[in-house]
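Undergrad: Structure incoming, see below.
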Amino acid sequence: MSAPLTPLQFTTAAGATEHRPLIITLFGLFVVATLIITVWAGRQTKGAADFYAGGRQFTGFQNGLAISGDYMSAASFLGIAGAIALFGYDGFLYSIGFLVAWLVALLLVAEPLRNSGRYTMGDVLAYRMRQRPVRTAAGTSTIVVSIFYLLAQMAGAGVLVSLLLGITSDGGKIAIVALVGLLMILYVTIGGMKGTTWVQMVKAVLLIAGALLITFLVLVKFNFNVSDLLGKAAENSGQGAKFLEPGLKYGKDPTTKLDFISLGLALVLGTAGLPHILIRFYTVPTAQAARKSVLWAIGIIGGFYLMTIALGFGAAALLNRDEIIKSNKAGNTAAPLLAQAVGGGADSTGGAILLAVISAVAFATILAVVAGLTLASSSSFAHDIYVNVIRRGQATEKEEVRAARWSTVVIGAVAIGLGALARDLNVAGLVALAFAVAASANLPTILYSLFWKRFTTHGALWSIYGGLVSSVVLVLFSPVVSGKPTSMFKDADFYWFPLENPGLISIPLGFLLGWLGTVLTKEEADPRKFAELEVRSLTGTGAH
């Protein structure tokens with residue numbers, strides 16, 4: 001879902017300088033509008049259920065729209081278009097992976113999770129296991145995934161906004177990261193889940209509208225003939241027919257083929273374990289609404305990823321490949337450059353306006369995603385660790401919400417600090433780590449807990465911590481972090497794990513450790529608790 005954002009350098013700066021007041025105005029209007037929504041929602045936030053789950057008042061369609069806004073990050077929007085523009089068919093595999101992942105969420109996670117928990121993943125695990133250890137593990141995993149994902153978005157926001165606004169100094173870039181972080185803290189502390197959900201819905205509408213506009217303008221240039229578009233893209237890419245065939249990026253050697261399998265596993269399985277996606281299932285009143293929200297999300301996200309065909313192949317057809325690479329080696333500027341081109345070009349007012357609009361949409365996207373991530377991590381800390389571990393379930397709702405708000409401030413401050421340090425780093429490792437941890441630690445534990453009668457507390461701890469540690473270690477010693485010009489630390493070389501994504505190793509390991517932790521220990525699972533959870537997860541009986 002998230003090909004990484006790396007520093008953006010627009011080679012066609014006409015619109016970026018002459019029309020900068022327009023860009024600033026669009027940013028300002030969005031920020032003011034979303035803050036008004038947040039304050040309005042904050043006045044209706046009375047207790048923990050409102051703060052964590054929006055009072056469970058959202059319809060299936062509203063929640064599906066919000067899920068779409070939470071899922072389609074700016075890294076996904078810019079990164080997929082760039083991957084297709086540079087690698088053709090292999091780039092489009094990202095879109096396929098992200099979309100297929102929702103079938104896993106729909107079939108295995110959405111309804112049982114909605115029925116079994118209250119606010120967090122830890123609720124599901126604690127239902128039939130020892131509360132304190134599993135809530136600590138679930139909270140730790142949630143915070144780690146959220147912070148690394150959050151860091152990637154924060155770093156991307158700093159780069160995108162500072163360059164579009166013409167800010168080049170280190171102090172200015174740090175100030176932009178801090179601004180994004182402060183807005184994020186305001187959204188969550190004031191509005192809670194209600195405010196965040198409305199911001200995500202607005203952002204989803206803006207992103208779909210922006211993508212539709214560019215898609216329409218691209219198709220107009222080719223008389224709505226997709227075959228002509230693909231043919232021109234293949235011709236302009238310099239690769240010919242190979243551009244439309246598999247293997248351009250992931251078929252070079254056995255290592256890249258394994259890397260593709262590993263990436264695919266992480267994308268498809270990681271989505272169903274992402275904390276900021278999981279908490280969205282608690283915002284609807286019934287299990288039926290949870291299913292509907294996922295179906296709406298699949299439809300909206302699927303429509304968006306279909307449009308990436310026009311965005312990516314349109315960029316390949318209408319832009320010079322060397323121009324895209326010169327602007328950004330990973331191709332992440334392809335969508336903004338395409339918007340400028342179909343709007344009339346770098347020297348035109350139309351091009352500058354469309355560039356400004358798409359940039360504002362990208363910024364809106366980042367704000368919505370970071371708000372969702374912050375809410376997930378602060379909720380897990382307050383509900384799982386503070387209330388049920390530190391206070392042993394004795395905290396009042398008022399104290400719980402206060403703890404969530406303070407943890408939002410702390411997590412926001414950590415994200416600002418790390419985002420400022422990472423503003424010039426390649427964030428591929430951060431995104432890969434978030435997906436790898438979610439797929440390796442969270443998903444095996446959730447599935448075992450819901451569907452395996454013998455699963456025990458030891459199995460849950462082995463699975464979460466084993467998946468967490470293995471994915472972190474493998475990413476740290478992979479070429480994503482060191483050893484290559486595109487690595488996070490370009491001048492260092494301490495990698496020994498050859499794949500850029502650890503999913504091929506750490507995901508099966510997470511499942512294996514969960515099984516071993518259960519069968520090798522003398523702990524016995526309570527069959528009555530499993531029976532209660534099974535009835536509750538499948539029927540919704542007793543759900544909050």
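Residue names in the structure tokens use chain letters A, B, ... in the order shown, residue numbers from 1 in each chain, and ligand numbers from 1 in the order shown.
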Set the distance at 12 Å and use only C-alpha atoms: which residues neighbour Ser440 (chain A) once local chain neighbours fewer than 6 positions away are removed? I'd like the list as a ChimeraX atom specification.

TA: /A:141,145,262,265-274,432-434,446-447,460,462-472,474,501-514

Undergrad: Set the distance at 10 Å and use only C-alpha atoms: which residues neighbour Val361 (chain A) once local chain neighbours fewer than 6 positions away are removed? I'd like the list as a list in words.

TA: Leu26, Phe27, Phe30, Ala74, Phe77, Lys203, Ala204, Val205, Leu206, Leu207, Ile208, Ala209, Gly210, Ala211, Leu355 and Leu367 of chain A

Undergrad: Give me the residues near Leu99 (chain A) as a ChimeraX atom specification, where near means some atom within 8 Å (using only C-alpha atoms) and where sequence neighbours in that chain fewer than 6 positions away do not count.

TA: /A:298,301-302,305

Undergrad: Generate the output file for the selected residues, C-alpha atoms, as a tab-separated table (two decimals), in the first residue's frame.

TA:
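To be explicit, this is the file written out as part-v6.tsv:
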chain	number	residue	atom	x	y	z
A	298	ILE	CA	-12.96	-2.92	-2.02
A	301	ILE	CA	-10.02	1.11	-3.66
A	302	GLY	CA	-10.45	-1.18	-6.68
A	305	TYR	CA	-6.22	1.09	-8.52

Undergrad: If you run DSSP on the backbone here, which positions in region 115-248 of chain A get alpha helix (DSSP H)? Please write them as number ranges by chain.

TA: A: 115-116, 121-126, 131-164, 170-221, 226-237

Undergrad: For region 237-250 of chain A, work out the shell of residues within 9 Å, counting only C-alpha atoms and skipping chain neighbours fewer than 4 positions away, then give it as a PyMOL selection string.

TA: chain A and resi 85-91+230-233+254-260+316-317+320-321

Undergrad: For the selection you just gave me, I'd like the residues written to a file as a PDB file, in the first residue's frame, keeping N, CA, C and O atoms.

TA:
ATOM      1  N   ALA A  85       5.106   3.719 -14.264  1.00  0.00           N
ATOM      2  CA  ALA A  85       5.759   4.557 -15.268  1.00  0.00           C
ATOM      3  C   ALA A  85       7.155   4.043 -15.610  1.00  0.00           C
ATOM      4  O   ALA A  85       7.601   4.143 -16.758  1.00  0.00           O
ATOM      5  N   LEU A  86       7.852   3.462 -14.625  1.00  0.00           N
ATOM      6  CA  LEU A  86       9.220   3.000 -14.858  1.00  0.00           C
ATOM      7  C   LEU A  86       9.314   1.515 -15.205  1.00  0.00           C
ATOM      8  O   LEU A  86      10.196   1.120 -15.958  1.00  0.00           O
ATOM      9  N   PHE A  87       8.397   0.696 -14.655  1.00  0.00           N
ATOM     10  CA  PHE A  87       8.535  -0.751 -14.823  1.00  0.00           C
ATOM     11  C   PHE A  87       7.322  -1.416 -15.465  1.00  0.00           C
ATOM     12  O   PHE A  87       7.266  -2.646 -15.549  1.00  0.00           O
ATOM     13  N   GLY A  88       6.339  -0.638 -15.902  1.00  0.00           N
ATOM     14  CA  GLY A  88       5.219  -1.182 -16.641  1.00  0.00           C
ATOM     15  C   GLY A  88       4.429  -2.221 -15.873  1.00  0.00           C
ATOM     16  O   GLY A  88       3.959  -1.976 -14.769  1.00  0.00           O
ATOM     17  N   TYR A  89       4.299  -3.408 -16.454  1.00  0.00           N
ATOM     18  CA  TYR A  89       3.491  -4.485 -15.882  1.00  0.00           C
ATOM     19  C   TYR A  89       3.897  -4.790 -14.446  1.00  0.00           C
ATOM     20  O   TYR A  89       3.052  -4.959 -13.571  1.00  0.00           O
ATOM     21  N   ASP A  90       5.197  -4.882 -14.181  1.00  0.00           N
ATOM     22  CA  ASP A  90       5.659  -5.221 -12.831  1.00  0.00           C
ATOM     23  C   ASP A  90       5.258  -4.158 -11.821  1.00  0.00           C
ATOM     24  O   ASP A  90       5.015  -4.467 -10.652  1.00  0.00           O
ATOM     25  N   GLY A  91       5.170  -2.910 -12.244  1.00  0.00           N
ATOM     26  CA  GLY A  91       4.717  -1.855 -11.348  1.00  0.00           C
ATOM     27  C   GLY A  91       3.253  -2.005 -10.997  1.00  0.00           C
ATOM     28  O   GLY A  91       2.845  -1.738  -9.859  1.00  0.00           O
ATOM     29  N   LEU A 230      -1.466   2.188 -24.085  1.00  0.00           N
ATOM     30  CA  LEU A 230      -0.460   1.192 -23.715  1.00  0.00           C
ATOM     31  C   LEU A 230       0.633   1.088 -24.779  1.00  0.00           C
ATOM     32  O   LEU A 230       1.817   0.950 -24.453  1.00  0.00           O
ATOM     33  N   GLY A 231       0.221   1.163 -26.037  1.00  0.00           N
ATOM     34  CA  GLY A 231       1.206   1.096 -27.120  1.00  0.00           C
ATOM     35  C   GLY A 231       2.185   2.257 -27.076  1.00  0.00           C
ATOM     36  O   GLY A 231       3.401   2.073 -27.238  1.00  0.00           O
ATOM     37  N   LYS A 232       1.664   3.465 -26.849  1.00  0.00           N
ATOM     38  CA  LYS A 232       2.518   4.647 -26.759  1.00  0.00           C
ATOM     39  C   LYS A 232       3.439   4.567 -25.548  1.00  0.00           C
ATOM     40  O   LYS A 232       4.611   4.952 -25.606  1.00  0.00           O
ATOM     41  N   ALA A 233       2.903   4.044 -24.425  1.00  0.00           N
ATOM     42  CA  ALA A 233       3.718   3.894 -23.217  1.00  0.00           C
ATOM     43  C   ALA A 233       4.876   2.935 -23.463  1.00  0.00           C
ATOM     44  O   ALA A 233       6.019   3.206 -23.063  1.00  0.00           O
ATOM     45  N   PRO A 254      17.155 -15.072  -9.817  1.00  0.00           N
ATOM     46  CA  PRO A 254      16.391 -15.773  -8.777  1.00  0.00           C
ATOM     47  C   PRO A 254      16.102 -14.918  -7.539  1.00  0.00           C
ATOM     48  O   PRO A 254      15.048 -15.059  -6.921  1.00  0.00           O
ATOM     49  N   THR A 255      17.048 -14.038  -7.180  1.00  0.00           N
ATOM     50  CA  THR A 255      16.846 -13.208  -5.985  1.00  0.00           C
ATOM     51  C   THR A 255      15.675 -12.258  -6.167  1.00  0.00           C
ATOM     52  O   THR A 255      14.838 -12.097  -5.265  1.00  0.00           O
ATOM     53  N   THR A 256      15.583 -11.599  -7.325  1.00  0.00           N
ATOM     54  CA  THR A 256      14.470 -10.672  -7.549  1.00  0.00           C
ATOM     55  C   THR A 256      13.133 -11.409  -7.628  1.00  0.00           C
ATOM     56  O   THR A 256      12.104 -10.872  -7.224  1.00  0.00           O
ATOM     57  N   LYS A 257      13.156 -12.647  -8.137  1.00  0.00           N
ATOM     58  CA  LYS A 257      11.921 -13.433  -8.171  1.00  0.00           C
ATOM     59  C   LYS A 257      11.455 -13.784  -6.758  1.00  0.00           C
ATOM     60  O   LYS A 257      10.263 -13.690  -6.439  1.00  0.00           O
ATOM     61  N   LEU A 258      12.398 -14.164  -5.891  1.00  0.00           N
ATOM     62  CA  LEU A 258      12.066 -14.433  -4.502  1.00  0.00           C
ATOM     63  C   LEU A 258      11.607 -13.159  -3.797  1.00  0.00           C
ATOM     64  O   LEU A 258      10.703 -13.192  -2.961  1.00  0.00           O
ATOM     65  N   ASP A 259      12.239 -12.055  -4.158  1.00  0.00           N
ATOM     66  CA  ASP A 259      11.863 -10.761  -3.570  1.00  0.00           C
ATOM     67  C   ASP A 259      10.418 -10.422  -3.898  1.00  0.00           C
ATOM     68  O   ASP A 259       9.681  -9.874  -3.066  1.00  0.00           O
ATOM     69  N   PHE A 260       9.994 -10.733  -5.117  1.00  0.00           N
ATOM     70  CA  PHE A 260       8.624 -10.447  -5.512  1.00  0.00           C
ATOM     71  C   PHE A 260       7.640 -11.297  -4.705  1.00  0.00           C
ATOM     72  O   PHE A 260       6.605 -10.814  -4.248  1.00  0.00           O
ATOM     73  N   ALA A 316       4.150   7.207 -18.468  1.00  0.00           N
ATOM     74  CA  ALA A 316       5.139   6.583 -19.361  1.00  0.00           C
ATOM     75  C   ALA A 316       4.961   7.046 -20.802  1.00  0.00           C
ATOM     76  O   ALA A 316       5.931   7.200 -21.544  1.00  0.00           O
ATOM     77  N   ALA A 317       3.695   7.277 -21.206  1.00  0.00           N
ATOM     78  CA  ALA A 317       3.407   7.656 -22.590  1.00  0.00           C
ATOM     79  C   ALA A 317       3.662   9.139 -22.862  1.00  0.00           C
ATOM     80  O   ALA A 317       4.127   9.509 -23.942  1.00  0.00           O
ATOM     81  N   ASN A 320       8.906  12.041 -20.613  1.00  0.00           N
ATOM     82  CA  ASN A 320      10.186  11.421 -20.961  1.00  0.00           C
ATOM     83  C   ASN A 320      10.678  10.614 -19.774  1.00  0.00           C
ATOM     84  O   ASN A 320      10.718  11.119 -18.649  1.00  0.00           O
ATOM     85  N   ARG A 321      11.068   9.358 -20.009  1.00  0.00           N
ATOM     86  CA  ARG A 321      11.526   8.492 -18.912  1.00  0.00           C
ATOM     87  C   ARG A 321      12.690   9.121 -18.158  1.00  0.00           C
ATOM     88  O   ARG A 321      12.743   9.096 -16.926  1.00  0.00           O
TER      89      ARG A 321
END

Undergrad: Quick one: everything within 9 Å of Tyr94 (chain A), counting only C-alpha atoms, minus sequence neighbours fewer than 2 positions away in the same chain. Send it as number ranges by chain.

TA: A: 1-3, 76, 80, 83-84, 90-92, 96-99, 264, 267

Undergrad: Excluding region 195-198 of chain A and its own-chain neighbours fewer than 3 positions away, which residues fall within 8 Å of it when counting only C-alpha atoms? Please give them as a list in words.

TA: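 Residues near the query, excluding close chain neighbours: Ile37, Thr38, Val39, Trp40, Ala41, Gly42, Gly54, Asn63, Ala66, Tyr187, Val188, Ile190, Gly191, Gly192, Met201, Val202, Ala368, Ala371 and Gly372 of chain A.
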
Undergrad: Take the residues from that selection and put them in a file with all heavy atoms, as a short mmCIF file (atom, residue, chain, number, x, y, z; two decimals), in the first residue's frame.

TA:
data_model
loop_
_atom_site.label_atom_id
_atom_site.label_comp_id
_atom_site.auth_asym_id
_atom_site.auth_seq_id
_atom_site.Cartn_x
_atom_site.Cartn_y
_atom_site.Cartn_z
N ILE A 37 -14.00 20.53 10.93
CA ILE A 37 -14.66 19.22 11.07
C ILE A 37 -14.24 18.56 12.39
O ILE A 37 -15.06 17.99 13.12
CB ILE A 37 -14.29 18.31 9.87
CG1 ILE A 37 -14.92 18.84 8.58
CG2 ILE A 37 -14.74 16.86 10.13
CD1 ILE A 37 -14.44 18.14 7.34
N THR A 38 -12.93 18.63 12.69
CA THR A 38 -12.40 18.00 13.89
C THR A 38 -12.99 18.61 15.16
O THR A 38 -13.37 17.88 16.09
CB THR A 38 -10.86 18.12 13.91
OG1 THR A 38 -10.32 17.51 12.73
CG2 THR A 38 -10.27 17.44 15.13
N VAL A 39 -13.06 19.93 15.21
CA VAL A 39 -13.63 20.61 16.39
C VAL A 39 -15.11 20.24 16.55
O VAL A 39 -15.59 19.96 17.66
CB VAL A 39 -13.46 22.14 16.26
CG1 VAL A 39 -14.23 22.85 17.36
CG2 VAL A 39 -11.98 22.52 16.33
N TRP A 40 -15.83 20.22 15.43
CA TRP A 40 -17.25 19.83 15.46
C TRP A 40 -17.41 18.41 16.01
O TRP A 40 -18.26 18.15 16.86
CB TRP A 40 -17.84 19.93 14.06
CG TRP A 40 -19.16 19.26 13.91
CD1 TRP A 40 -20.38 19.71 14.33
CD2 TRP A 40 -19.41 17.96 13.32
NE1 TRP A 40 -21.36 18.78 14.03
CE2 TRP A 40 -20.80 17.72 13.42
CE3 TRP A 40 -18.58 17.01 12.72
CZ2 TRP A 40 -21.37 16.54 12.93
CZ3 TRP A 40 -19.15 15.84 12.24
CH2 TRP A 40 -20.52 15.62 12.34
N ALA A 41 -16.58 17.49 15.52
CA ALA A 41 -16.67 16.10 15.97
C ALA A 41 -16.24 15.98 17.43
O ALA A 41 -16.80 15.19 18.19
CB ALA A 41 -15.80 15.21 15.08
N GLY A 42 -15.23 16.78 17.83
CA GLY A 42 -14.73 16.72 19.19
C GLY A 42 -15.79 17.08 20.21
O GLY A 42 -15.82 16.54 21.33
N GLY A 54 -15.84 6.13 17.54
CA GLY A 54 -16.81 7.06 16.97
C GLY A 54 -18.23 6.80 17.40
O GLY A 54 -19.18 7.11 16.68
N ASN A 63 -18.06 4.12 6.68
CA ASN A 63 -16.85 3.47 7.16
C ASN A 63 -16.01 2.95 5.99
O ASN A 63 -14.78 2.98 6.04
CB ASN A 63 -17.20 2.32 8.11
CG ASN A 63 -16.01 1.86 8.92
OD1 ASN A 63 -15.26 2.67 9.46
ND2 ASN A 63 -15.81 0.56 9.00
N ALA A 66 -14.13 5.84 4.74
CA ALA A 66 -13.05 6.17 5.66
C ALA A 66 -11.91 5.15 5.58
O ALA A 66 -10.73 5.53 5.64
CB ALA A 66 -13.60 6.24 7.09
N TYR A 187 -5.88 16.70 15.40
CA TYR A 187 -6.97 15.89 14.86
C TYR A 187 -7.39 14.82 15.86
O TYR A 187 -8.57 14.60 16.11
CB TYR A 187 -6.55 15.20 13.55
CG TYR A 187 -6.44 16.12 12.36
CD1 TYR A 187 -5.66 15.77 11.27
CD2 TYR A 187 -7.11 17.32 12.31
CE1 TYR A 187 -5.55 16.60 10.16
CE2 TYR A 187 -7.01 18.16 11.22
CZ TYR A 187 -6.23 17.80 10.14
OH TYR A 187 -6.13 18.63 9.07
N VAL A 188 -6.40 14.11 16.43
CA VAL A 188 -6.70 12.96 17.28
C VAL A 188 -7.13 13.38 18.68
O VAL A 188 -8.10 12.87 19.22
CB VAL A 188 -5.49 12.00 17.34
CG1 VAL A 188 -5.78 10.83 18.27
CG2 VAL A 188 -5.15 11.49 15.95
N ILE A 190 -8.41 16.23 19.73
CA ILE A 190 -9.68 16.98 19.76
C ILE A 190 -10.82 16.13 19.22
O ILE A 190 -11.88 16.01 19.84
CB ILE A 190 -9.57 18.28 18.94
CG1 ILE A 190 -8.54 19.22 19.57
CG2 ILE A 190 -10.93 18.99 18.87
CD1 ILE A 190 -8.27 20.48 18.76
N GLY A 191 -10.62 15.52 18.07
CA GLY A 191 -11.72 14.84 17.39
C GLY A 191 -11.87 13.37 17.67
O GLY A 191 -12.93 12.81 17.46
N GLY A 192 -10.79 12.70 18.14
CA GLY A 192 -10.86 11.26 18.35
C GLY A 192 -11.22 10.54 17.06
O GLY A 192 -10.92 11.00 15.96
N MET A 201 -12.82 10.54 5.27
CA MET A 201 -13.86 10.51 4.23
C MET A 201 -13.66 11.66 3.24
O MET A 201 -13.76 11.46 2.02
CB MET A 201 -15.25 10.57 4.87
CG MET A 201 -15.70 9.26 5.49
SD MET A 201 -17.46 9.25 5.91
CE MET A 201 -17.46 10.11 7.46
N VAL A 202 -13.40 12.85 3.75
CA VAL A 202 -13.16 14.01 2.88
C VAL A 202 -11.95 13.76 1.99
O VAL A 202 -11.96 14.00 0.78
CB VAL A 202 -12.95 15.29 3.72
CG1 VAL A 202 -12.46 16.44 2.85
CG2 VAL A 202 -14.25 15.69 4.42
N ALA A 368 -4.56 12.57 6.64
CA ALA A 368 -5.57 11.59 7.03
C ALA A 368 -4.93 10.30 7.51
O ALA A 368 -5.36 9.70 8.51
CB ALA A 368 -6.51 11.32 5.85
N ALA A 371 -3.16 10.67 10.93
CA ALA A 371 -4.15 10.75 12.01
C ALA A 371 -4.65 9.36 12.39
O ALA A 371 -4.77 9.03 13.57
CB ALA A 371 -5.31 11.65 11.60
N GLY A 372 -4.94 8.53 11.37
CA GLY A 372 -5.39 7.17 11.63
C GLY A 372 -4.35 6.33 12.34
O GLY A 372 -4.66 5.57 13.27
#

Undergrad: I'd like to know which of A:Val431, A:Val519, A:Val369, A:Ala81 is closest to Phe304 (chain A), using only C-alpha atoms.

TA: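 Closest residue, counting only C-alpha atoms: A:Ala81.
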
Undergrad: Figure out the distance between CA of Thr374 (chain A) and CA of Gln62 (chain A), please, to one decimal in Å.

TA: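 Taking CA of Gln62 (chain A) and CA of Thr374 (chain A), their separation equals 20.4 Å.
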
Undergrad: With only C-alpha atoms as the atoms that count, which of A:Leu318, A:Leu150, A:Ala33, A:Ile324 lies nearest to Ala234 (chain A)?

TA: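 For Ala234 (chain A), the nearest of the given residues is A:Leu318.
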
Undergrad: A:Thr539, A:Glu532, A:Gly28, A:Gln131: which is nearest Ile390 (chain A), counting only C-alpha atoms?

TA: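 Counting only C-alpha atoms, the residue closest to Ile390 (chain A) is A:Gln131.
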
Undergrad: State, in Å with one decimal place, the distance from CA of Tyr386 (chain A) to CA of Ala152 (chain A).

TA: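 Separation of CA of Tyr386 (chain A) and CA of Ala152 (chain A): 26.5 Å.
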
Undergrad: Any idea what's packed within 7 Å of Gly82 (chain A), counting only C-alpha atoms, ignoring anything in its chain fewer than 5 positions away? Could you give it as a PyMOL selection string?

TA: chain A and resi 312+330-334

Undergrad: For the residues selected in the previous step, produce a file with N, CA and C atoms as a PDB file, in the first residue's frame.

TA:
ATOM      1  N   GLY A 312      -0.132   5.646 -14.320  1.00  0.00           N
ATOM      2  CA  GLY A 312       1.217   5.134 -14.551  1.00  0.00           C
ATOM      3  C   GLY A 312       1.583   5.034 -16.015  1.00  0.00           C
ATOM      4  N   ALA A 330      13.054   6.945  -7.968  1.00  0.00           N
ATOM      5  CA  ALA A 330      12.024   5.928  -7.749  1.00  0.00           C
ATOM      6  C   ALA A 330      10.762   6.194  -8.552  1.00  0.00           C
ATOM      7  N   GLY A 331      10.703   7.331  -9.261  1.00  0.00           N
ATOM      8  CA  GLY A 331       9.543   7.653 -10.079  1.00  0.00           C
ATOM      9  C   GLY A 331       8.379   8.249  -9.317  1.00  0.00           C
ATOM     10  N   ASN A 332       8.596   8.654  -8.060  1.00  0.00           N
ATOM     11  CA  ASN A 332       7.487   9.110  -7.227  1.00  0.00           C
ATOM     12  C   ASN A 332       6.895  10.456  -7.643  1.00  0.00           C
ATOM     13  N   THR A 333       7.561  11.147  -8.563  1.00  0.00           N
ATOM     14  CA  THR A 333       7.007  12.420  -9.046  1.00  0.00           C
ATOM     15  C   THR A 333       6.218  12.245 -10.340  1.00  0.00           C
ATOM     16  N   ALA A 334       6.035  11.011 -10.782  1.00  0.00           N
ATOM     17  CA  ALA A 334       5.363  10.776 -12.059  1.00  0.00           C
ATOM     18  C   ALA A 334       3.945  11.336 -12.080  1.00  0.00           C
TER      19      ALA A 334
END

Undergrad: If you measure from CA of Leu78 (chain A) to CA of Met307 (chain A), what distance in Å do you get, rounded to one decimal?

TA: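 Computing it gives 12.5 Å between the two atoms.
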
Undergrad: Ranking A:Arg130, A:Arg528, A:Lys194, A:His276 by minimum distance to Lys453 (chain A) and counting only C-alpha atoms, which one comes first?

TA: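 Closest to Lys453 (chain A), using only C-alpha atoms: A:Arg528.
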